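Pasted below: upload.txt, compact mmCIF, C-alpha atoms.
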# COMPACT_ATOMS: atom_id res chain seq x y z
CA GLY X 1 4.40 -49.49 -0.10
CA ASP X 2 5.74 -48.72 3.33
CA SER X 3 3.12 -48.47 6.06
CA VAL X 4 2.31 -49.05 9.68
CA THR X 5 -0.69 -50.64 11.40
CA GLN X 6 -1.56 -49.56 14.88
CA MET X 7 -4.09 -50.86 17.35
CA GLU X 8 -7.35 -48.97 17.25
CA GLY X 9 -8.54 -47.07 20.25
CA PRO X 10 -9.75 -45.76 22.46
CA VAL X 11 -8.23 -47.91 25.13
CA THR X 12 -9.68 -47.39 28.59
CA LEU X 13 -7.83 -48.74 31.61
CA SER X 14 -7.91 -48.31 35.34
CA GLU X 15 -4.91 -46.84 37.10
CA GLU X 16 -2.11 -49.38 37.69
CA ALA X 17 -3.35 -51.66 34.90
CA PHE X 18 -0.98 -53.16 32.33
CA LEU X 19 -0.90 -51.48 28.93
CA THR X 20 -0.11 -52.90 25.50
CA ILE X 21 -0.58 -50.94 22.29
CA ASN X 22 0.21 -53.05 19.24
CA CYS X 23 2.13 -51.72 16.25
CA THR X 24 3.32 -53.59 13.15
CA TYR X 25 5.16 -52.20 10.15
CA THR X 26 5.84 -53.37 6.62
CA ALA X 27 9.19 -55.07 6.28
CA THR X 28 10.71 -52.88 3.59
CA GLY X 29 14.29 -52.14 4.39
CA TYR X 30 15.38 -51.59 7.94
CA PRO X 31 13.43 -48.76 9.52
CA SER X 32 14.13 -47.05 12.78
CA LEU X 33 11.08 -47.28 15.03
CA PHE X 34 9.59 -44.54 17.17
CA TRP X 35 6.70 -44.02 19.54
CA TYR X 36 5.37 -40.48 19.90
CA VAL X 37 2.88 -39.25 22.48
CA GLN X 38 0.44 -36.36 22.19
CA TYR X 39 -0.99 -35.05 25.44
CA PRO X 40 -4.26 -33.09 25.28
CA GLY X 41 -3.77 -29.72 23.66
CA GLU X 42 -0.08 -30.26 22.95
CA GLY X 43 2.14 -31.22 20.05
CA LEU X 44 3.79 -34.57 19.56
CA GLN X 45 6.71 -35.56 21.75
CA LEU X 46 9.12 -38.41 21.26
CA LEU X 47 8.43 -41.12 23.83
CA LEU X 48 11.03 -43.73 22.86
CA LYS X 49 12.82 -45.23 19.91
CA ALA X 50 14.81 -48.24 18.72
CA THR X 51 17.11 -48.27 15.72
CA LYS X 52 17.97 -51.94 15.22
CA ALA X 53 16.60 -55.41 15.78
CA ASP X 54 16.22 -56.52 19.43
CA ASP X 55 16.84 -52.98 20.69
CA LYS X 56 14.55 -51.96 23.52
CA GLY X 57 13.50 -48.35 23.81
CA SER X 58 12.31 -47.15 27.21
CA ASN X 59 11.16 -43.94 28.83
CA LYS X 60 8.80 -42.93 31.67
CA GLY X 61 8.07 -46.60 32.40
CA PHE X 62 7.12 -47.34 28.80
CA GLU X 63 9.01 -49.94 26.79
CA ALA X 64 8.99 -51.26 23.24
CA THR X 65 11.24 -53.87 21.62
CA TYR X 66 12.20 -53.89 17.94
CA ARG X 67 11.07 -57.32 16.75
CA LYS X 68 12.28 -57.88 13.21
CA GLU X 69 10.95 -61.43 13.00
CA THR X 70 7.39 -60.26 13.63
CA THR X 71 7.87 -56.70 12.25
CA SER X 72 6.41 -55.32 15.45
CA PHE X 73 7.15 -52.58 17.96
CA HIS X 74 4.46 -52.97 20.63
CA LEU X 75 4.32 -50.35 23.38
CA GLU X 76 3.98 -51.61 26.97
CA LYS X 77 3.78 -50.20 30.45
CA GLY X 78 3.41 -52.24 33.58
CA SER X 79 1.32 -49.79 35.60
CA VAL X 80 -0.40 -46.87 33.92
CA GLN X 81 -1.25 -43.60 35.61
CA VAL X 82 -3.97 -41.06 34.94
CA SER X 83 -1.25 -38.73 33.63
CA ASP X 84 -0.52 -41.25 30.84
CA SER X 85 -3.85 -40.41 29.21
CA ALA X 86 -2.88 -39.25 25.73
CA VAL X 87 -2.75 -40.33 22.12
CA TYR X 88 0.13 -42.61 21.16
CA PHE X 89 1.55 -42.83 17.64
CA CYS X 90 3.78 -45.55 16.25
CA ALA X 91 6.11 -44.21 13.56
CA PRO X 92 8.63 -46.23 11.56
CA ARG X 93 11.18 -44.20 9.68
CA TYR X 94 12.45 -45.66 6.42
CA ASN X 95 14.53 -42.78 5.14
CA PHE X 96 15.52 -39.30 6.10
CA ASN X 97 12.51 -37.53 4.74
CA LYS X 98 9.61 -39.70 5.85
CA PHE X 99 8.01 -40.96 8.97
CA TYR X 100 4.98 -43.14 8.56
CA PHE X 101 2.68 -42.36 11.42
CA GLY X 102 0.13 -44.85 12.61
CA SER X 103 -3.46 -43.79 13.08
CA GLY X 104 -2.92 -43.08 16.76
CA THR X 105 -4.32 -44.87 19.81
CA LYS X 106 -6.11 -42.84 22.41
CA LEU X 107 -5.50 -44.03 25.96
CA ASN X 108 -7.86 -43.08 28.76
CA VAL X 109 -6.73 -43.98 32.27
CA LYS X 110 -9.36 -43.77 34.98
CA PRO X 111 -8.54 -43.26 38.68
CA GLU J 112 13.72 -29.37 25.09
CA ALA J 113 12.77 -28.76 21.49
CA ASP J 114 12.68 -25.14 20.35
CA ILE J 115 10.14 -25.15 17.58
CA TYR J 116 7.34 -22.65 17.53
CA GLN J 117 4.10 -22.30 15.67
CA THR J 118 1.80 -19.30 15.47
CA PRO J 119 -1.03 -18.81 15.75
CA ARG J 120 -2.09 -21.67 18.01
CA TYR J 121 -5.72 -21.22 17.05
CA LEU J 122 -7.22 -19.47 14.04
CA VAL J 123 -10.84 -19.05 12.99
CA ILE J 124 -11.36 -17.36 9.63
CA GLY J 125 -13.92 -17.02 6.89
CA THR J 126 -13.94 -18.72 3.53
CA GLY J 127 -11.77 -17.14 0.85
CA LYS J 128 -9.23 -15.55 3.17
CA LYS J 129 -5.52 -15.92 2.62
CA ILE J 130 -3.66 -17.21 5.64
CA THR J 131 -0.10 -18.03 6.58
CA LEU J 132 0.79 -20.43 9.36
CA GLU J 133 4.16 -19.69 10.86
CA CYS J 134 6.75 -22.23 11.95
CA SER J 135 10.17 -21.41 13.31
CA GLN J 136 12.91 -23.44 14.94
CA THR J 137 16.04 -22.22 16.66
CA MET J 138 17.97 -25.48 16.56
CA GLY J 139 19.57 -25.04 13.14
CA HIS J 140 17.82 -28.13 11.80
CA ASP J 141 18.05 -28.56 8.07
CA LYS J 142 14.94 -30.68 7.49
CA MET J 143 11.47 -29.38 8.23
CA TYR J 144 8.00 -30.84 7.75
CA TRP J 145 4.34 -29.93 7.74
CA TYR J 146 1.71 -32.47 8.77
CA GLN J 147 -2.05 -32.26 8.69
CA GLN J 148 -3.77 -34.02 11.55
CA ASP J 149 -7.39 -34.85 10.92
CA PRO J 150 -10.07 -35.43 13.58
CA GLY J 151 -9.36 -39.16 13.48
CA MET J 152 -5.89 -38.29 14.81
CA GLU J 153 -3.95 -39.58 11.80
CA LEU J 154 -1.03 -37.48 10.67
CA HIS J 155 -0.45 -36.92 6.99
CA LEU J 156 2.72 -35.40 5.58
CA ILE J 157 1.82 -32.50 3.26
CA HIS J 158 5.17 -30.72 2.74
CA TYR J 159 8.82 -31.11 3.61
CA SER J 160 12.09 -29.33 3.03
CA TYR J 161 15.68 -30.55 2.93
CA GLY J 162 17.04 -27.07 3.51
CA VAL J 163 16.99 -23.50 2.22
CA ASN J 164 15.26 -23.16 -1.17
CA SER J 165 14.17 -26.81 -1.06
CA THR J 166 10.50 -27.78 -0.81
CA GLU J 167 8.70 -30.99 -1.71
CA LYS J 168 5.13 -32.19 -1.56
CA GLY J 169 4.29 -34.95 0.87
CA ASP J 170 2.04 -37.96 0.69
CA LEU J 171 -1.24 -36.10 1.09
CA SER J 172 -2.21 -33.68 -1.64
CA SER J 173 -2.70 -30.21 -0.25
CA GLU J 174 -3.72 -26.87 -1.73
CA SER J 175 -1.29 -25.14 0.58
CA THR J 176 2.16 -23.93 -0.41
CA VAL J 177 5.36 -23.54 1.59
CA SER J 178 8.60 -21.64 1.31
CA ARG J 179 12.06 -22.02 2.86
CA ILE J 180 14.02 -18.83 2.47
CA ARG J 181 15.76 -19.14 5.81
CA THR J 182 16.85 -22.26 7.66
CA GLU J 183 14.83 -21.44 10.74
CA HIS J 184 11.57 -20.49 9.04
CA PHE J 185 9.08 -22.70 7.13
CA PRO J 186 5.73 -20.93 6.67
CA LEU J 187 2.68 -22.56 5.13
CA THR J 188 0.24 -20.50 3.08
CA LEU J 189 -3.34 -21.05 1.96
CA GLU J 190 -4.29 -18.57 -0.77
CA SER J 191 -8.02 -19.05 -0.34
CA ALA J 192 -9.16 -20.95 2.72
CA ARG J 193 -12.15 -23.27 2.55
CA PRO J 194 -14.04 -25.26 5.21
CA SER J 195 -12.33 -28.42 3.92
CA HIS J 196 -9.04 -26.94 5.19
CA THR J 197 -10.27 -27.10 8.77
CA SER J 198 -7.73 -29.24 10.59
CA GLN J 199 -4.73 -29.18 12.87
CA TYR J 200 -1.40 -28.38 11.23
CA LEU J 201 1.78 -29.63 12.86
CA CYS J 202 5.26 -28.42 11.98
CA ALA J 203 8.34 -30.52 12.72
CA SER J 204 12.09 -30.38 12.21
CA LYS J 205 14.89 -32.91 12.28
CA PRO J 206 18.60 -32.46 12.91
CA PRO J 207 21.21 -33.68 10.44
CA GLY J 208 22.98 -36.90 11.18
CA ALA J 209 25.21 -39.49 9.58
CA ILE J 210 22.41 -42.02 9.73
CA SER J 211 19.37 -39.87 9.16
CA SER J 212 16.79 -42.48 9.99
CA TYR J 213 18.01 -42.61 13.60
CA ASN J 214 17.04 -39.05 14.39
CA GLU J 215 13.64 -38.18 15.71
CA GLN J 216 11.56 -35.27 14.57
CA PHE J 217 10.77 -32.44 16.96
CA PHE J 218 7.25 -31.12 16.76
CA GLY J 219 5.75 -27.74 17.35
CA PRO J 220 2.54 -27.35 19.37
CA GLY J 221 0.37 -27.14 16.26
CA THR J 222 -2.08 -24.65 14.77
CA ARG J 223 -5.73 -25.52 14.95
CA LEU J 224 -7.41 -23.93 11.93
CA THR J 225 -11.16 -23.53 11.55
CA VAL J 226 -12.55 -22.15 8.31
CA LEU J 227 -16.15 -21.07 8.48
Write out the structure in this file as structure tokens.
Amino acid sequence: GDSVTQMEGPVTLSEEAFLTINCTYTATGYPSLFWYVQYPGEGLQLLLKATKADDKGSNKGFEATYRKETTSFHLEKGSVQVSDSAVYFCAPRYNFNKFYFGSGTKLNVKP
Amino acid sequence: EADIYQTPRYLVIGTGKKITLECSQTMGHDKMYWYQQDPGMELHLIHYSYGVNSTEKGDLSSESTVSRIRTEHFPLTLESARPSHTSQYLCASKPPGAISSYNEQFFGPGTRLTVL
């Protein structure tokens, strides 16, 4: 069945370090791909998305590229800040009624 | 800015009580969803709705029920709460679109439920 595999956390980085959070999805159909972020005590917010192969989603310095050949949508940021500390969810969307959320990766950024 | 609201934000109740978690959105979205988020942070879809008078069960079996009498309102009810229902419940909605898979879901802030 359709699913998503996300890098386990927590990930602890120092400020200004490079971030990669891996995400791979099952290659059933042609999903749209999303990254959501959940800051402490808040609901989920859309961070970025990509709807077709080779598209790059970007927002707030984060980027992720839709890689159909490797069925991946890894999240990257060149220089993380303390304010980026949150839980990040990868979520492919195969049809109108279902997202498949990854298990979430908690990011801790230390000053 | 998403306009989707959940009340209460926090609820602590005793076993056996009936509770209703409220979810409302003012965006006119047709599709709405309930997720249960466990302590390990995973989200599990427990209910969804295509529109008024439409409700479906999600991937995770849940003893809760939902109703969709109005477009903007999608309440979730537990007839008899138990400690195993302790979790965070997230409501979401999605706008219509020609290619539905392109549209993101908008999430409410969540209700953190504790059943003693």
Quiz prompt | Selection: 6 Å around stretch 33-49 of chain X, all atoms listed in the file, excl. self and same-chain fewer than 5 positions, as a PyMOL selection string | solution = (chain X and resi 57-59+86-92) or (chain J and resi 218-221)
List as a compact mmCIF listing (two decimals) with C-alpha atoms, in the frame of the given file the residues having at least one atom at most 10 Å from position (-6.2, -44.1, 17.8) as given in the file, counting all atoms listed in the file.
# COMPACT_ATOMS: atom_id res chain seq x y z
CA GLN X 6 -1.56 -49.56 14.88
CA MET X 7 -4.09 -50.86 17.35
CA GLU X 8 -7.35 -48.97 17.25
CA GLY X 9 -8.54 -47.07 20.25
CA PRO X 10 -9.75 -45.76 22.46
CA VAL X 11 -8.23 -47.91 25.13
CA ILE X 21 -0.58 -50.94 22.29
CA ALA X 86 -2.88 -39.25 25.73
CA VAL X 87 -2.75 -40.33 22.12
CA TYR X 88 0.13 -42.61 21.16
CA PHE X 89 1.55 -42.83 17.64
CA GLY X 102 0.13 -44.85 12.61
CA SER X 103 -3.46 -43.79 13.08
CA GLY X 104 -2.92 -43.08 16.76
CA THR X 105 -4.32 -44.87 19.81
CA LYS X 106 -6.11 -42.84 22.41
CA LEU X 107 -5.50 -44.03 25.96
CA GLY J 151 -9.36 -39.16 13.48
CA MET J 152 -5.89 -38.29 14.81
CA GLU J 153 -3.95 -39.58 11.80
Residue hits in chain J, query chain X, radius 9 Å, only C-alpha atoms, as an mmCIF file with C-alpha atoms, in the frame of the given file:
data_model
loop_
_atom_site.group_PDB
_atom_site.id
_atom_site.type_symbol
_atom_site.label_atom_id
_atom_site.label_comp_id
_atom_site.auth_asym_id
_atom_site.auth_seq_id
_atom_site.Cartn_x
_atom_site.Cartn_y
_atom_site.Cartn_z
ATOM 1 C CA LYS J 142 14.940 -30.680 7.490
ATOM 2 C CA MET J 143 11.470 -29.380 8.230
ATOM 3 C CA TYR J 144 8.000 -30.840 7.750
ATOM 4 C CA GLY J 151 -9.360 -39.160 13.480
ATOM 5 C CA MET J 152 -5.890 -38.290 14.810
ATOM 6 C CA GLU J 153 -3.950 -39.580 11.800
ATOM 7 C CA LEU J 154 -1.030 -37.480 10.670
ATOM 8 C CA HIS J 155 -0.450 -36.920 6.990
ATOM 9 C CA LEU J 156 2.720 -35.400 5.580
ATOM 10 C CA TYR J 159 8.820 -31.110 3.610
ATOM 11 C CA SER J 160 12.090 -29.330 3.030
ATOM 12 C CA TYR J 161 15.680 -30.550 2.930
ATOM 13 C CA GLY J 169 4.290 -34.950 0.870
ATOM 14 C CA LEU J 201 1.780 -29.630 12.860
ATOM 15 C CA LYS J 205 14.890 -32.910 12.280
ATOM 16 C CA ILE J 210 22.410 -42.020 9.730
ATOM 17 C CA SER J 211 19.370 -39.870 9.160
ATOM 18 C CA SER J 212 16.790 -42.480 9.990
ATOM 19 C CA TYR J 213 18.010 -42.610 13.600
ATOM 20 C CA ASN J 214 17.040 -39.050 14.390
ATOM 21 C CA GLU J 215 13.640 -38.180 15.710
ATOM 22 C CA GLN J 216 11.560 -35.270 14.570
ATOM 23 C CA PHE J 217 10.770 -32.440 16.960
ATOM 24 C CA PHE J 218 7.250 -31.120 16.760
ATOM 25 C CA GLY J 219 5.750 -27.740 17.350
ATOM 26 C CA PRO J 220 2.540 -27.350 19.370
ATOM 27 C CA GLY J 221 0.370 -27.140 16.260
#
Self-check item: Selection: 7 Å around J:Ser173, only C-alpha atoms, excl. self and same-chain fewer than 2 positions, as a list in words
Solution: Ile157, Leu171 and Ser175 of chain J
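One distance worth recording is that between atom CA of J:Lys128 and atom CA of J:Leu187, which is 14.0 Å.
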Practice problem: Using all atoms listed in the file, find all polymer residues with an atom at most 8 Å away from the point (0.3, -18.8, 4.2); report them as a list of chain:residue names. | Solution: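 Within the cut-off we find J:Lys129, J:Ile130, J:Thr131, J:Leu132, J:Glu133, J:Ser175, J:Thr176, J:Val177, J:Pro186, J:Leu187, J:Thr188, J:Leu189, J:Glu190.
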Taking C-alpha atoms for each residue, export the selection above as an mmCIF file, in the coordinates of the input.
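Result saved to out-v7.cif:
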data_model
loop_
_atom_site.group_PDB
_atom_site.id
_atom_site.type_symbol
_atom_site.label_atom_id
_atom_site.label_comp_id
_atom_site.auth_asym_id
_atom_site.auth_seq_id
_atom_site.Cartn_x
_atom_site.Cartn_y
_atom_site.Cartn_z
ATOM 1 C CA LYS J 129 -5.520 -15.920 2.620
ATOM 2 C CA ILE J 130 -3.660 -17.210 5.640
ATOM 3 C CA THR J 131 -0.100 -18.030 6.580
ATOM 4 C CA LEU J 132 0.790 -20.430 9.360
ATOM 5 C CA GLU J 133 4.160 -19.690 10.860
ATOM 6 C CA SER J 175 -1.290 -25.140 0.580
ATOM 7 C CA THR J 176 2.160 -23.930 -0.410
ATOM 8 C CA VAL J 177 5.360 -23.540 1.590
ATOM 9 C CA PRO J 186 5.730 -20.930 6.670
ATOM 10 C CA LEU J 187 2.680 -22.560 5.130
ATOM 11 C CA THR J 188 0.240 -20.500 3.080
ATOM 12 C CA LEU J 189 -3.340 -21.050 1.960
ATOM 13 C CA GLU J 190 -4.290 -18.570 -0.770
#
Exercise. Kindly give the distance, in Å, that separates atom CA of J:Gln136 and atom CA of X:Gly61, rounded to a single decimal.
Key: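 Taking atom CA of J:Gln136 as the start and atom CA of X:Gly61 as the end point, the length is 29.4 Å.
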Taking every listed atom of stretch 165-184 of chain J and adding 4 Å to each side, what centre and edge lengths in Å (one decimal) does the axis-aligned box have, as AutoDock Vina command-line options?
--center_x 6.6 --center_y -28.4 --center_z 4.5 --size_x 28.6 --size_y 27.1 --size_z 20.5
Self-check item: Atomic distance atom CA of J:Leu224 - atom CA of J:Trp145, expressed in Å with one decimal
Solution: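 Between atom CA of J:Leu224 and atom CA of J:Trp145 the gap works out to 13.8 Å.
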Practice problem: List the neighbours of J:Ser198 out to 9 Å using all atoms listed in the file; skip same-chain residues closer than 6 positions along the sequence, and give me the result as number ranges by chain. | Solution: J: 147-150, 222-226
Atom completion result for stretch 74-85 of chain X (all heavy atoms) as a short mmCIF file (atom, residue, chain, number, x, y, z; two decimals), keeping the file's coordinate frame:
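Output contents, as saved in rebuild_36.cif:
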data_model
loop_
_atom_site.label_atom_id
_atom_site.label_comp_id
_atom_site.auth_asym_id
_atom_site.auth_seq_id
_atom_site.Cartn_x
_atom_site.Cartn_y
_atom_site.Cartn_z
N HIS X 74 5.58 -53.18 19.72
CA HIS X 74 4.46 -52.97 20.63
C HIS X 74 4.89 -52.15 21.85
O HIS X 74 5.94 -52.40 22.46
CB HIS X 74 3.90 -54.31 21.11
CG HIS X 74 3.49 -55.21 19.99
ND1 HIS X 74 2.91 -54.76 18.83
CD2 HIS X 74 3.60 -56.56 19.86
CE1 HIS X 74 2.66 -55.78 18.03
NE2 HIS X 74 3.07 -56.88 18.62
N LEU X 75 4.04 -51.21 22.23
CA LEU X 75 4.32 -50.35 23.38
C LEU X 75 3.70 -50.97 24.63
O LEU X 75 2.54 -51.39 24.61
CB LEU X 75 3.73 -48.96 23.15
CG LEU X 75 3.97 -47.92 24.24
CD1 LEU X 75 5.45 -47.54 24.28
CD2 LEU X 75 3.11 -46.68 24.00
N GLU X 76 4.46 -51.02 25.73
CA GLU X 76 3.98 -51.61 26.97
C GLU X 76 4.34 -50.73 28.16
O GLU X 76 5.35 -50.02 28.15
CB GLU X 76 4.59 -53.01 27.17
CG GLU X 76 4.21 -54.01 26.12
CD GLU X 76 4.80 -55.39 26.38
OE1 GLU X 76 5.82 -55.47 27.08
OE2 GLU X 76 4.23 -56.37 25.89
N LYS X 77 3.47 -50.82 29.17
CA LYS X 77 3.78 -50.20 30.45
C LYS X 77 3.12 -51.05 31.53
O LYS X 77 1.96 -51.43 31.41
CB LYS X 77 3.28 -48.75 30.54
CG LYS X 77 3.72 -48.06 31.83
CD LYS X 77 3.38 -46.58 31.85
CE LYS X 77 3.96 -45.92 33.10
NZ LYS X 77 3.68 -44.48 33.21
N GLY X 78 3.87 -51.32 32.56
CA GLY X 78 3.41 -52.24 33.58
C GLY X 78 2.30 -51.69 34.46
O GLY X 78 1.44 -52.43 34.93
N SER X 79 2.28 -50.38 34.67
CA SER X 79 1.32 -49.79 35.60
C SER X 79 1.03 -48.36 35.15
O SER X 79 1.82 -47.45 35.38
CB SER X 79 1.89 -49.81 37.02
OG SER X 79 1.01 -49.17 37.93
N VAL X 80 -0.10 -48.19 34.48
CA VAL X 80 -0.40 -46.87 33.92
C VAL X 80 -0.94 -45.93 34.99
O VAL X 80 -1.53 -46.36 35.99
CB VAL X 80 -1.39 -46.97 32.74
CG1 VAL X 80 -0.75 -47.69 31.56
CG2 VAL X 80 -2.69 -47.63 33.17
N GLN X 81 -0.75 -44.65 34.73
CA GLN X 81 -1.25 -43.60 35.61
C GLN X 81 -2.23 -42.71 34.84
O GLN X 81 -2.20 -42.69 33.60
CB GLN X 81 -0.08 -42.76 36.14
CG GLN X 81 1.01 -43.56 36.81
CD GLN X 81 0.49 -44.32 38.01
OE1 GLN X 81 -0.21 -43.75 38.86
NE2 GLN X 81 0.81 -45.60 38.10
N VAL X 82 -3.02 -41.97 35.59
CA VAL X 82 -3.97 -41.06 34.94
C VAL X 82 -3.23 -40.08 34.02
O VAL X 82 -3.72 -39.75 32.94
CB VAL X 82 -4.78 -40.29 36.00
CG1 VAL X 82 -5.63 -39.21 35.34
CG2 VAL X 82 -5.67 -41.25 36.79
N SER X 83 -2.04 -39.69 34.42
CA SER X 83 -1.25 -38.73 33.63
C SER X 83 -0.75 -39.31 32.31
O SER X 83 -0.23 -38.58 31.46
CB SER X 83 -0.06 -38.23 34.44
OG SER X 83 0.74 -39.33 34.85
N ASP X 84 -0.91 -40.61 32.12
CA ASP X 84 -0.52 -41.25 30.84
C ASP X 84 -1.62 -41.12 29.79
O ASP X 84 -1.41 -41.52 28.63
CB ASP X 84 -0.21 -42.74 31.05
CG ASP X 84 1.01 -42.96 31.91
OD1 ASP X 84 1.95 -42.13 31.84
OD2 ASP X 84 1.04 -43.95 32.66
N SER X 85 -2.76 -40.59 30.16
CA SER X 85 -3.85 -40.41 29.21
C SER X 85 -3.39 -39.48 28.09
O SER X 85 -3.02 -38.33 28.33
CB SER X 85 -5.07 -39.83 29.90
OG SER X 85 -5.57 -40.72 30.88
#
